[in-house]
Amino acid sequence: MALETLFAKYDRLLLIDTETTGLNYARDEIIEFSAVAVEQVDGQPKVVLEYDQLVTLSPGGFVPAKIEQLTGISTADIRERGIPKTRVCRDIAEMVTGNTLLLAYNAHFDLSFMFYMLLRDGDPAILKGKDKLDLLTVYKDRHAFPHRLCNAIEVYGLSDRVVNSHRAIDDVIATVAVMEAMEAEKNDLERYVNLFGYNPKYGIEGKPIGSVTYKPQPYNPTCPLYEA
């Protein structure tokens, strides 16, 4: 994992993943928040932080049956081991200090949920000026459909190292491995900073992130999105 071009501009890469009660950023809630921070140590990228917490639900909230089936996280798990949203928001604030690049696989989803949690229970201003990189957009430019994280793991030959389990900590660790493979495949990750692709058939889901440029991204692109 070299990532020279990213570390030429950023001091920290913070990869995040969330598990949620649904798909509506404004209504549904994060039930698991995970992050991995990568920094340069002695000239080499190194994982310096792994963070994983279940997050308490709002009063009367519960984990829908289909989400429990997908993630293995139950309402009882949240009640027993979840920590308050305000605590998670404080932890996020500590993780994004300084010159940090935010990354995720399908970043629009995870960043939108993180923003709404900060809006309700923290300080969304901590995200101001933070650049963002969507690794799903990169993958769609380089490989044919399907484009889920599990597909990227298989295509890059990572199945013996990581897993897409629909638990945030497993998925964010898998995202780190996918990022490494993408960097080895083609050294242009910095060209995708603040550039998110979207399915032209369905449009942008929810509210666009203000600092991001969105471009329609077909299933079979003829050129990189940053040249479109």
# chains A, B, ... in the order shown; residues from 1 in each chain; ligands from 1

call {"tool": "residues_around", "arguments": {"residues": "Gly122 of chain A", "least_positions_apart": "5", "cutoff": "7 Å", "atoms": "only C-alpha atoms", "output": "PyMOL selection string"}}
result
chain A and resi 86+89-90

call {"tool": "write_last_selection", "arguments": {"atoms": "N, CA, C and O atoms", "output": "PDB file, in the first residue's frame"}}
result
ATOM      1  N   THR A  86     -24.327  10.837  21.112  1.00  0.00           N
ATOM      2  CA  THR A  86     -23.488  11.991  21.445  1.00  0.00           C
ATOM      3  C   THR A  86     -22.038  11.572  21.640  1.00  0.00           C
ATOM      4  O   THR A  86     -21.119  12.303  21.258  1.00  0.00           O
ATOM      5  N   CYS A  89     -20.550  10.840  18.202  1.00  0.00           N
ATOM      6  CA  CYS A  89     -20.287  12.111  17.512  1.00  0.00           C
ATOM      7  C   CYS A  89     -18.999  12.753  18.032  1.00  0.00           C
ATOM      8  O   CYS A  89     -18.215  13.306  17.244  1.00  0.00           O
ATOM      9  N   ARG A  90     -18.764  12.696  19.338  1.00  0.00           N
ATOM     10  CA  ARG A  90     -17.514  13.225  19.890  1.00  0.00           C
ATOM     11  C   ARG A  90     -16.322  12.433  19.380  1.00  0.00           C
ATOM     12  O   ARG A  90     -15.264  12.999  19.058  1.00  0.00           O
TER      13      ARG A  90
END

call {"tool": "residues_around", "arguments": {"residues": "Phe196 of chain A", "least_positions_apart": "5", "cutoff": "10 Å", "atoms": "only C-alpha atoms", "output": "short mmCIF file (atom, residue, chain, number, x, y, z; two decimals) with N, CA, C and O atoms, in the first residue's frame"}}
result
data_model
loop_
_atom_site.label_atom_id
_atom_site.label_comp_id
_atom_site.auth_asym_id
_atom_site.auth_seq_id
_atom_site.Cartn_x
_atom_site.Cartn_y
_atom_site.Cartn_z
N ASN A 106 -19.31 3.38 -1.48
CA ASN A 106 -20.64 4.01 -1.54
C ASN A 106 -20.71 5.12 -0.50
O ASN A 106 -21.52 5.12 0.42
N ALA A 107 -19.80 6.06 -0.66
CA ALA A 107 -19.59 7.11 0.35
C ALA A 107 -20.79 8.02 0.53
O ALA A 107 -21.02 8.52 1.63
N HIS A 108 -21.56 8.23 -0.52
CA HIS A 108 -22.73 9.11 -0.38
C HIS A 108 -23.66 8.59 0.72
O HIS A 108 -24.17 9.36 1.53
N LYS A 132 -13.57 14.24 0.21
CA LYS A 132 -14.26 12.95 0.27
C LYS A 132 -13.94 12.12 -0.97
O LYS A 132 -13.85 12.66 -2.07
N LEU A 133 -13.80 10.82 -0.77
CA LEU A 133 -13.48 9.91 -1.87
C LEU A 133 -14.38 8.69 -1.80
O LEU A 133 -14.45 8.03 -0.75
N ASP A 134 -15.07 8.42 -2.91
CA ASP A 134 -15.98 7.27 -2.98
C ASP A 134 -15.32 6.15 -3.77
O ASP A 134 -15.14 6.26 -4.99
N LEU A 135 -14.98 5.07 -3.11
CA LEU A 135 -14.30 3.96 -3.77
C LEU A 135 -15.24 3.17 -4.67
O LEU A 135 -14.78 2.50 -5.61
N LEU A 136 -16.54 3.25 -4.45
CA LEU A 136 -17.50 2.63 -5.37
C LEU A 136 -17.44 3.30 -6.74
O LEU A 136 -17.49 2.64 -7.78
N THR A 137 -17.33 4.63 -6.75
CA THR A 137 -17.20 5.35 -8.01
C THR A 137 -15.97 4.88 -8.78
O THR A 137 -16.02 4.66 -9.99
N VAL A 138 -14.86 4.70 -8.06
CA VAL A 138 -13.63 4.23 -8.69
C VAL A 138 -13.85 2.83 -9.29
O VAL A 138 -13.50 2.56 -10.45
N ILE A 204 -29.50 10.91 -8.07
CA ILE A 204 -28.84 10.97 -6.77
C ILE A 204 -29.86 10.63 -5.69
O ILE A 204 -30.95 11.20 -5.65
N PRO A 208 -27.87 15.90 -2.17
CA PRO A 208 -26.45 15.90 -2.54
C PRO A 208 -25.59 16.52 -1.44
O PRO A 208 -26.03 17.41 -0.72
N ILE A 209 -24.36 16.06 -1.34
CA ILE A 209 -23.39 16.64 -0.42
C ILE A 209 -22.81 17.88 -1.09
O ILE A 209 -22.31 17.81 -2.22
N VAL A 212 -19.36 18.05 -2.98
CA VAL A 212 -19.10 16.97 -3.93
C VAL A 212 -19.69 17.32 -5.30
O VAL A 212 -20.79 17.86 -5.38
N THR A 213 -18.95 17.01 -6.36
CA THR A 213 -19.47 17.09 -7.72
C THR A 213 -20.03 15.72 -8.09
O THR A 213 -19.33 14.70 -7.96
N TYR A 214 -21.27 15.68 -8.55
CA TYR A 214 -21.92 14.44 -8.94
C TYR A 214 -22.02 14.37 -10.46
O TYR A 214 -22.41 15.35 -11.11
N LYS A 215 -21.66 13.23 -11.02
CA LYS A 215 -21.77 13.03 -12.46
C LYS A 215 -22.46 11.70 -12.74
O LYS A 215 -22.22 10.71 -12.03
N PRO A 216 -23.30 11.64 -13.77
CA PRO A 216 -23.90 10.35 -14.14
C PRO A 216 -22.82 9.38 -14.57
O PRO A 216 -21.89 9.73 -15.29
N GLN A 217 -22.94 8.13 -14.09
CA GLN A 217 -21.91 7.13 -14.35
C GLN A 217 -22.57 5.86 -14.90
O GLN A 217 -23.17 5.10 -14.16
N LEU A 225 -14.45 8.82 -15.07
CA LEU A 225 -15.46 9.83 -14.75
C LEU A 225 -14.83 11.23 -14.68
O LEU A 225 -15.47 12.22 -15.02
N TYR A 226 -13.58 11.32 -14.24
CA TYR A 226 -12.95 12.63 -14.11
C TYR A 226 -12.61 13.23 -15.48
O TYR A 226 -12.24 14.41 -15.56
#

call {"tool": "select_by_dssp", "arguments": {"residues": "segment 80-123 of chain A", "states": "helix (DSSP H, G or I)", "output": "PyMOL selection string"}}
result
chain A and resi 80-81+85-95+107-121

call {"tool": "write_last_selection", "arguments": {"atoms": "N, CA and C atoms", "output": "PDB file, in the first residue's frame"}}
result
ATOM      1  N   GLU A  80     -28.015  -3.515  25.034  1.00  0.00           N
ATOM      2  CA  GLU A  80     -26.991  -4.030  25.947  1.00  0.00           C
ATOM      3  C   GLU A  80     -25.629  -3.391  25.718  1.00  0.00           C
ATOM      4  N   ARG A  81     -25.269  -3.137  24.462  1.00  0.00           N
ATOM      5  CA  ARG A  81     -23.893  -2.742  24.160  1.00  0.00           C
ATOM      6  C   ARG A  81     -23.760  -1.421  23.415  1.00  0.00           C
ATOM      7  N   LYS A  85     -25.366   8.263  20.961  1.00  0.00           N
ATOM      8  CA  LYS A  85     -24.990   8.954  19.727  1.00  0.00           C
ATOM      9  C   LYS A  85     -24.079  10.141  20.020  1.00  0.00           C
ATOM     10  N   THR A  86     -24.327  10.837  21.112  1.00  0.00           N
ATOM     11  CA  THR A  86     -23.488  11.991  21.445  1.00  0.00           C
ATOM     12  C   THR A  86     -22.038  11.572  21.640  1.00  0.00           C
ATOM     13  N   ARG A  87     -21.827  10.402  22.219  1.00  0.00           N
ATOM     14  CA  ARG A  87     -20.461   9.887  22.409  1.00  0.00           C
ATOM     15  C   ARG A  87     -19.821   9.548  21.064  1.00  0.00           C
ATOM     16  N   VAL A  88     -20.587   8.900  20.188  1.00  0.00           N
ATOM     17  CA  VAL A  88     -20.061   8.561  18.870  1.00  0.00           C
ATOM     18  C   VAL A  88     -19.716   9.830  18.095  1.00  0.00           C
ATOM     19  N   CYS A  89     -20.550  10.840  18.202  1.00  0.00           N
ATOM     20  CA  CYS A  89     -20.287  12.111  17.512  1.00  0.00           C
ATOM     21  C   CYS A  89     -18.999  12.753  18.032  1.00  0.00           C
ATOM     22  N   ARG A  90     -18.764  12.696  19.338  1.00  0.00           N
ATOM     23  CA  ARG A  90     -17.514  13.225  19.890  1.00  0.00           C
ATOM     24  C   ARG A  90     -16.322  12.433  19.380  1.00  0.00           C
ATOM     25  N   ASP A  91     -16.478  11.120  19.295  1.00  0.00           N
ATOM     26  CA  ASP A  91     -15.392  10.286  18.795  1.00  0.00           C
ATOM     27  C   ASP A  91     -15.090  10.609  17.333  1.00  0.00           C
ATOM     28  N   ILE A  92     -16.138  10.809  16.534  1.00  0.00           N
ATOM     29  CA  ILE A  92     -15.941  11.169  15.128  1.00  0.00           C
ATOM     30  C   ILE A  92     -15.187  12.492  15.036  1.00  0.00           C
ATOM     31  N   ALA A  93     -15.563  13.447  15.870  1.00  0.00           N
ATOM     32  CA  ALA A  93     -14.898  14.753  15.856  1.00  0.00           C
ATOM     33  C   ALA A  93     -13.401  14.605  16.106  1.00  0.00           C
ATOM     34  N   GLU A  94     -13.026  13.696  16.992  1.00  0.00           N
ATOM     35  CA  GLU A  94     -11.605  13.475  17.262  1.00  0.00           C
ATOM     36  C   GLU A  94     -10.911  12.808  16.081  1.00  0.00           C
ATOM     37  N   MET A  95     -11.646  11.940  15.362  1.00  0.00           N
ATOM     38  CA  MET A  95     -11.038  11.200  14.255  1.00  0.00           C
ATOM     39  C   MET A  95     -10.822  12.056  13.012  1.00  0.00           C
ATOM     40  N   ALA A 107     -19.798   6.065  -0.657  1.00  0.00           N
ATOM     41  CA  ALA A 107     -19.587   7.106   0.350  1.00  0.00           C
ATOM     42  C   ALA A 107     -20.789   8.018   0.527  1.00  0.00           C
ATOM     43  N   HIS A 108     -21.560   8.234  -0.521  1.00  0.00           N
ATOM     44  CA  HIS A 108     -22.734   9.109  -0.376  1.00  0.00           C
ATOM     45  C   HIS A 108     -23.661   8.590   0.716  1.00  0.00           C
ATOM     46  N   PHE A 109     -23.837   7.281   0.778  1.00  0.00           N
ATOM     47  CA  PHE A 109     -24.702   6.663   1.792  1.00  0.00           C
ATOM     48  C   PHE A 109     -24.145   6.876   3.195  1.00  0.00           C
ATOM     49  N   ASP A 110     -22.914   6.450   3.417  1.00  0.00           N
ATOM     50  CA  ASP A 110     -22.348   6.500   4.772  1.00  0.00           C
ATOM     51  C   ASP A 110     -22.139   7.935   5.250  1.00  0.00           C
ATOM     52  N   LEU A 111     -21.663   8.797   4.372  1.00  0.00           N
ATOM     53  CA  LEU A 111     -21.439  10.191   4.769  1.00  0.00           C
ATOM     54  C   LEU A 111     -22.754  10.909   5.050  1.00  0.00           C
ATOM     55  N   SER A 112     -23.794  10.575   4.308  1.00  0.00           N
ATOM     56  CA  SER A 112     -25.099  11.192   4.558  1.00  0.00           C
ATOM     57  C   SER A 112     -25.636  10.793   5.922  1.00  0.00           C
ATOM     58  N   PHE A 113     -25.539   9.508   6.256  1.00  0.00           N
ATOM     59  CA  PHE A 113     -25.989   9.068   7.576  1.00  0.00           C
ATOM     60  C   PHE A 113     -25.144   9.694   8.678  1.00  0.00           C
ATOM     61  N   MET A 114     -23.840   9.775   8.460  1.00  0.00           N
ATOM     62  CA  MET A 114     -22.981  10.391   9.470  1.00  0.00           C
ATOM     63  C   MET A 114     -23.339  11.855   9.662  1.00  0.00           C
ATOM     64  N   PHE A 115     -23.600  12.564   8.567  1.00  0.00           N
ATOM     65  CA  PHE A 115     -23.967  13.980   8.663  1.00  0.00           C
ATOM     66  C   PHE A 115     -25.242  14.162   9.481  1.00  0.00           C
ATOM     67  N   TYR A 116     -26.260  13.357   9.203  1.00  0.00           N
ATOM     68  CA  TYR A 116     -27.528  13.521   9.921  1.00  0.00           C
ATOM     69  C   TYR A 116     -27.397  13.169  11.397  1.00  0.00           C
ATOM     70  N   MET A 117     -26.551  12.193  11.727  1.00  0.00           N
ATOM     71  CA  MET A 117     -26.318  11.909  13.137  1.00  0.00           C
ATOM     72  C   MET A 117     -25.617  13.086  13.811  1.00  0.00           C
ATOM     73  N   LEU A 118     -24.627  13.661  13.139  1.00  0.00           N
ATOM     74  CA  LEU A 118     -23.946  14.837  13.690  1.00  0.00           C
ATOM     75  C   LEU A 118     -24.894  16.022  13.801  1.00  0.00           C
ATOM     76  N   LEU A 119     -25.795  16.149  12.859  1.00  0.00           N
ATOM     77  CA  LEU A 119     -26.758  17.254  12.880  1.00  0.00           C
ATOM     78  C   LEU A 119     -27.658  17.171  14.108  1.00  0.00           C
ATOM     79  N   ARG A 120     -28.055  15.962  14.474  1.00  0.00           N
ATOM     80  CA  ARG A 120     -28.962  15.773  15.608  1.00  0.00           C
ATOM     81  C   ARG A 120     -28.227  15.737  16.945  1.00  0.00           C
ATOM     82  N   ASP A 121     -27.047  15.128  16.960  1.00  0.00           N
ATOM     83  CA  ASP A 121     -26.419  14.798  18.249  1.00  0.00           C
ATOM     84  C   ASP A 121     -24.972  15.252  18.376  1.00  0.00           C
TER      85      ASP A 121
END

call {"tool": "atom_distance", "arguments": {"atom1": "atom CA of Asn199 of chain A", "atom2": "atom CA of His143 of chain A"}}
result
14.9 Å

call {"tool": "closest_residue", "arguments": {"among": "A:Pro59, A:Asp141, A:Ile30, A:Leu23", "to": "Pro224 of chain A", "atoms": "only C-alpha atoms"}}
result
A:Asp141

call {"tool": "closest_residue", "arguments": {"among": "A:Thr21, A:Ala184, A:Thr97, A:Ile83", "to": "Phe62 of chain A", "atoms": "only C-alpha atoms"}}
result
A:Thr21

call {"tool": "closest_residue", "arguments": {"among": "A:Leu14, A:Leu158, A:Leu189, A:Ile78", "to": "Lys46 of chain A", "atoms": "only C-alpha atoms"}}
result
A:Leu14

call {"tool": "atom_distance", "arguments": {"atom1": "atom CA of Leu13 of chain A", "atom2": "atom CA of Asn99 of chain A"}}
result
8.9 Å

call {"tool": "atom_distance", "arguments": {"atom1": "atom CA of Pro64 of chain A", "atom2": "atom CA of Asn24 of chain A"}}
result
13.5 Å

call {"tool": "select_by_dssp", "arguments": {"residues": "segment 96-142 of chain A", "states": "strand (DSSP E or B)", "output": "count of residues only"}}
result
8

call {"tool": "residues_around", "arguments": {"residues": "Gln53 of chain A", "least_positions_apart": "5", "cutoff": "10 Å", "atoms": "only C-alpha atoms", "output": "ChimeraX atom specification"}}
result
/A:18,31-35,78,81-84,88,168-169

call {"tool": "write_last_selection", "arguments": {"atoms": "all heavy atoms", "output": "mmCIF file, in the first residue's frame"}}
result
data_model
loop_
_atom_site.group_PDB
_atom_site.id
_atom_site.type_symbol
_atom_site.label_atom_id
_atom_site.label_comp_id
_atom_site.auth_asym_id
_atom_site.auth_seq_id
_atom_site.Cartn_x
_atom_site.Cartn_y
_atom_site.Cartn_z
ATOM 1 N N THR A 18 -21.095 2.132 7.900
ATOM 2 C CA THR A 18 -22.213 2.159 8.842
ATOM 3 C C THR A 18 -23.170 1.008 8.568
ATOM 4 O O THR A 18 -23.299 0.545 7.432
ATOM 5 C CB THR A 18 -23.004 3.481 8.725
ATOM 6 O OG1 THR A 18 -23.581 3.588 7.405
ATOM 7 C CG2 THR A 18 -22.121 4.688 8.993
ATOM 8 N N ILE A 31 -26.884 2.093 13.467
ATOM 9 C CA ILE A 31 -26.845 1.163 14.594
ATOM 10 C C ILE A 31 -25.425 0.637 14.847
ATOM 11 O O ILE A 31 -25.147 0.113 15.920
ATOM 12 C CB ILE A 31 -27.819 -0.024 14.407
ATOM 13 C CG1 ILE A 31 -27.545 -0.760 13.086
ATOM 14 C CG2 ILE A 31 -29.266 0.475 14.484
ATOM 15 C CD1 ILE A 31 -28.410 -2.014 12.906
ATOM 16 N N GLU A 32 -24.556 0.770 13.856
ATOM 17 C CA GLU A 32 -23.146 0.438 14.050
ATOM 18 C C GLU A 32 -22.311 1.409 13.229
ATOM 19 O O GLU A 32 -22.583 1.612 12.036
ATOM 20 C CB GLU A 32 -22.832 -0.997 13.629
ATOM 21 C CG GLU A 32 -21.371 -1.388 13.902
ATOM 22 C CD GLU A 32 -21.035 -2.803 13.427
ATOM 23 O OE1 GLU A 32 -21.743 -3.331 12.544
ATOM 24 O OE2 GLU A 32 -20.051 -3.363 13.933
ATOM 25 N N PHE A 33 -21.308 2.007 13.872
ATOM 26 C CA PHE A 33 -20.402 2.924 13.176
ATOM 27 C C PHE A 33 -18.981 2.404 13.343
ATOM 28 O O PHE A 33 -18.536 2.142 14.462
ATOM 29 C CB PHE A 33 -20.490 4.338 13.747
ATOM 30 C CG PHE A 33 -19.636 5.329 13.009
ATOM 31 C CD1 PHE A 33 -20.133 6.011 11.913
ATOM 32 C CD2 PHE A 33 -18.320 5.562 13.390
ATOM 33 C CE1 PHE A 33 -19.343 6.897 11.203
ATOM 34 C CE2 PHE A 33 -17.521 6.450 12.695
ATOM 35 C CZ PHE A 33 -18.026 7.127 11.597
ATOM 36 N N SER A 34 -18.291 2.240 12.212
ATOM 37 C CA SER A 34 -16.920 1.741 12.253
ATOM 38 C C SER A 34 -16.031 2.624 11.391
ATOM 39 O O SER A 34 -16.474 3.207 10.402
ATOM 40 C CB SER A 34 -16.843 0.298 11.746
ATOM 41 O OG SER A 34 -17.583 -0.563 12.585
ATOM 42 N N ALA A 35 -14.769 2.716 11.770
ATOM 43 C CA ALA A 35 -13.808 3.519 11.033
ATOM 44 C C ALA A 35 -12.421 2.924 11.175
ATOM 45 O O ALA A 35 -12.090 2.307 12.191
ATOM 46 C CB ALA A 35 -13.817 4.963 11.537
ATOM 47 N N ILE A 78 -28.308 -3.718 20.782
ATOM 48 C CA ILE A 78 -28.158 -2.262 20.882
ATOM 49 C C ILE A 78 -28.389 -1.807 22.325
ATOM 50 O O ILE A 78 -27.636 -0.988 22.870
ATOM 51 C CB ILE A 78 -29.123 -1.547 19.934
ATOM 52 C CG1 ILE A 78 -28.836 -1.917 18.474
ATOM 53 C CG2 ILE A 78 -29.066 -0.037 20.136
ATOM 54 C CD1 ILE A 78 -27.524 -1.419 17.944
ATOM 55 N N ARG A 81 -25.269 -3.137 24.462
ATOM 56 C CA ARG A 81 -23.893 -2.742 24.160
ATOM 57 C C ARG A 81 -23.760 -1.421 23.415
ATOM 58 O O ARG A 81 -22.645 -0.952 23.172
ATOM 59 C CB ARG A 81 -23.211 -3.850 23.344
ATOM 60 C CG ARG A 81 -23.079 -5.145 24.117
ATOM 61 C CD ARG A 81 -22.261 -6.168 23.356
ATOM 62 N NE ARG A 81 -23.049 -6.827 22.310
ATOM 63 C CZ ARG A 81 -22.763 -6.808 21.029
ATOM 64 N NH1 ARG A 81 -21.702 -6.143 20.600
ATOM 65 N NH2 ARG A 81 -23.513 -7.443 20.157
ATOM 66 N N GLY A 82 -24.879 -0.812 23.053
ATOM 67 C CA GLY A 82 -24.809 0.434 22.311
ATOM 68 C C GLY A 82 -24.342 1.598 23.171
ATOM 69 O O GLY A 82 -24.599 1.638 24.378
ATOM 70 N N ILE A 83 -23.605 2.533 22.568
ATOM 71 C CA ILE A 83 -23.198 3.739 23.283
ATOM 72 C C ILE A 83 -23.969 4.923 22.722
ATOM 73 O O ILE A 83 -24.459 4.884 21.586
ATOM 74 C CB ILE A 83 -21.672 3.975 23.186
ATOM 75 C CG1 ILE A 83 -21.253 4.352 21.761
ATOM 76 C CG2 ILE A 83 -20.910 2.742 23.660
ATOM 77 C CD1 ILE A 83 -19.803 4.781 21.658
ATOM 78 N N PRO A 84 -24.132 6.000 23.486
ATOM 79 C CA PRO A 84 -24.961 7.121 23.045
ATOM 80 C C PRO A 84 -24.444 7.765 21.759
ATOM 81 O O PRO A 84 -23.233 7.826 21.511
ATOM 82 C CB PRO A 84 -24.882 8.103 24.216
ATOM 83 C CG PRO A 84 -24.508 7.271 25.398
ATOM 84 C CD PRO A 84 -23.641 6.175 24.863
ATOM 85 N N VAL A 88 -20.587 8.900 20.188
ATOM 86 C CA VAL A 88 -20.061 8.561 18.870
ATOM 87 C C VAL A 88 -19.716 9.830 18.095
ATOM 88 O O VAL A 88 -18.673 9.907 17.434
ATOM 89 C CB VAL A 88 -21.071 7.704 18.079
ATOM 90 C CG1 VAL A 88 -20.528 7.383 16.683
ATOM 91 C CG2 VAL A 88 -21.374 6.406 18.823
ATOM 92 N N ALA A 168 -20.271 -3.500 10.117
ATOM 93 C CA ALA A 168 -19.509 -2.329 9.693
ATOM 94 C C ALA A 168 -18.005 -2.521 9.849
ATOM 95 O O ALA A 168 -17.227 -2.097 8.989
ATOM 96 C CB ALA A 168 -19.979 -1.095 10.458
ATOM 97 N N ILE A 169 -17.566 -3.151 10.929
ATOM 98 C CA ILE A 169 -16.127 -3.280 11.154
ATOM 99 C C ILE A 169 -15.497 -4.204 10.108
ATOM 100 O O ILE A 169 -14.407 -3.917 9.582
ATOM 101 C CB ILE A 169 -15.799 -3.761 12.596
ATOM 102 C CG1 ILE A 169 -14.284 -3.711 12.842
ATOM 103 C CG2 ILE A 169 -16.394 -5.118 12.871
ATOM 104 C CD1 ILE A 169 -13.655 -2.340 12.709
#

call {"tool": "closest_residue", "arguments": {"among": "A:Ala125, A:Ala26, A:Val96, A:Ile67", "to": "Glu205 of chain A", "atoms": "only C-alpha atoms"}}
result
A:Ala26

call {"tool": "residues_around", "arguments": {"residues": "Thr175 of chain A", "least_positions_apart": "3", "cutoff": "8 Å", "atoms": "only C-alpha atoms", "output": "list in words"}}
result
Leu15, Ala104, Tyr105, Leu149, Asp171, Val172, Val178 and Met179 of chain A

call {"tool": "write_last_selection", "arguments": {"atoms": "N, CA, C and O atoms", "output": "PDB file, in the first residue's frame"}}
result
ATOM      1  N   LEU A  15     -11.392   5.844   6.692  1.00  0.00           N
ATOM      2  CA  LEU A  15     -12.387   5.046   5.989  1.00  0.00           C
ATOM      3  C   LEU A  15     -13.499   4.688   6.959  1.00  0.00           C
ATOM      4  O   LEU A  15     -13.232   4.278   8.100  1.00  0.00           O
ATOM      5  N   ALA A 104     -15.132   5.979   1.753  1.00  0.00           N
ATOM      6  CA  ALA A 104     -16.041   4.863   1.998  1.00  0.00           C
ATOM      7  C   ALA A 104     -16.352   4.198   0.669  1.00  0.00           C
ATOM      8  O   ALA A 104     -16.093   4.760  -0.403  1.00  0.00           O
ATOM      9  N   TYR A 105     -16.899   3.014   0.737  1.00  0.00           N
ATOM     10  CA  TYR A 105     -17.401   2.322  -0.455  1.00  0.00           C
ATOM     11  C   TYR A 105     -18.897   2.591  -0.505  1.00  0.00           C
ATOM     12  O   TYR A 105     -19.643   2.106   0.332  1.00  0.00           O
ATOM     13  N   LEU A 149     -19.557  -4.318  -2.756  1.00  0.00           N
ATOM     14  CA  LEU A 149     -18.272  -4.518  -2.091  1.00  0.00           C
ATOM     15  C   LEU A 149     -17.818  -5.966  -2.203  1.00  0.00           C
ATOM     16  O   LEU A 149     -16.630  -6.241  -2.432  1.00  0.00           O
ATOM     17  N   ASP A 171     -16.674  -4.735   7.101  1.00  0.00           N
ATOM     18  CA  ASP A 171     -16.785  -4.087   5.795  1.00  0.00           C
ATOM     19  C   ASP A 171     -15.793  -2.943   5.636  1.00  0.00           C
ATOM     20  O   ASP A 171     -15.263  -2.715   4.540  1.00  0.00           O
ATOM     21  N   VAL A 172     -15.515  -2.215   6.708  1.00  0.00           N
ATOM     22  CA  VAL A 172     -14.551  -1.123   6.576  1.00  0.00           C
ATOM     23  C   VAL A 172     -13.128  -1.667   6.455  1.00  0.00           C
ATOM     24  O   VAL A 172     -12.296  -1.108   5.715  1.00  0.00           O
ATOM     25  N   VAL A 178      -9.566  -3.175  -0.344  1.00  0.00           N
ATOM     26  CA  VAL A 178      -9.975  -2.810  -1.709  1.00  0.00           C
ATOM     27  C   VAL A 178      -9.248  -1.544  -2.152  1.00  0.00           C
ATOM     28  O   VAL A 178      -8.785  -1.443  -3.293  1.00  0.00           O
ATOM     29  N   MET A 179      -9.116  -0.573  -1.266  1.00  0.00           N
ATOM     30  CA  MET A 179      -8.382   0.656  -1.593  1.00  0.00           C
ATOM     31  C   MET A 179      -6.944   0.341  -1.977  1.00  0.00           C
ATOM     32  O   MET A 179      -6.413   0.891  -2.955  1.00  0.00           O
TER      33      MET A 179
END

call {"tool": "residues_around", "arguments": {"residues": "Gly61 of chain A", "least_positions_apart": "3", "cutoff": "10 Å", "atoms": "only C-alpha atoms", "output": "ChimeraX atom specification"}}
result
/A:21,28-29,56-58,64,75

call {"tool": "closest_residue", "arguments": {"among": "A:Arg142, A:Asp170, A:Val63, A:Pro218", "to": "Glu183 of chain A", "atoms": "only C-alpha atoms"}}
result
A:Arg142

call {"tool": "closest_residue", "arguments": {"among": "A:His166, A:Lys186, A:Ile16, A:Lys66", "to": "Glu50 of chain A", "atoms": "only C-alpha atoms"}}
result
A:Ile16
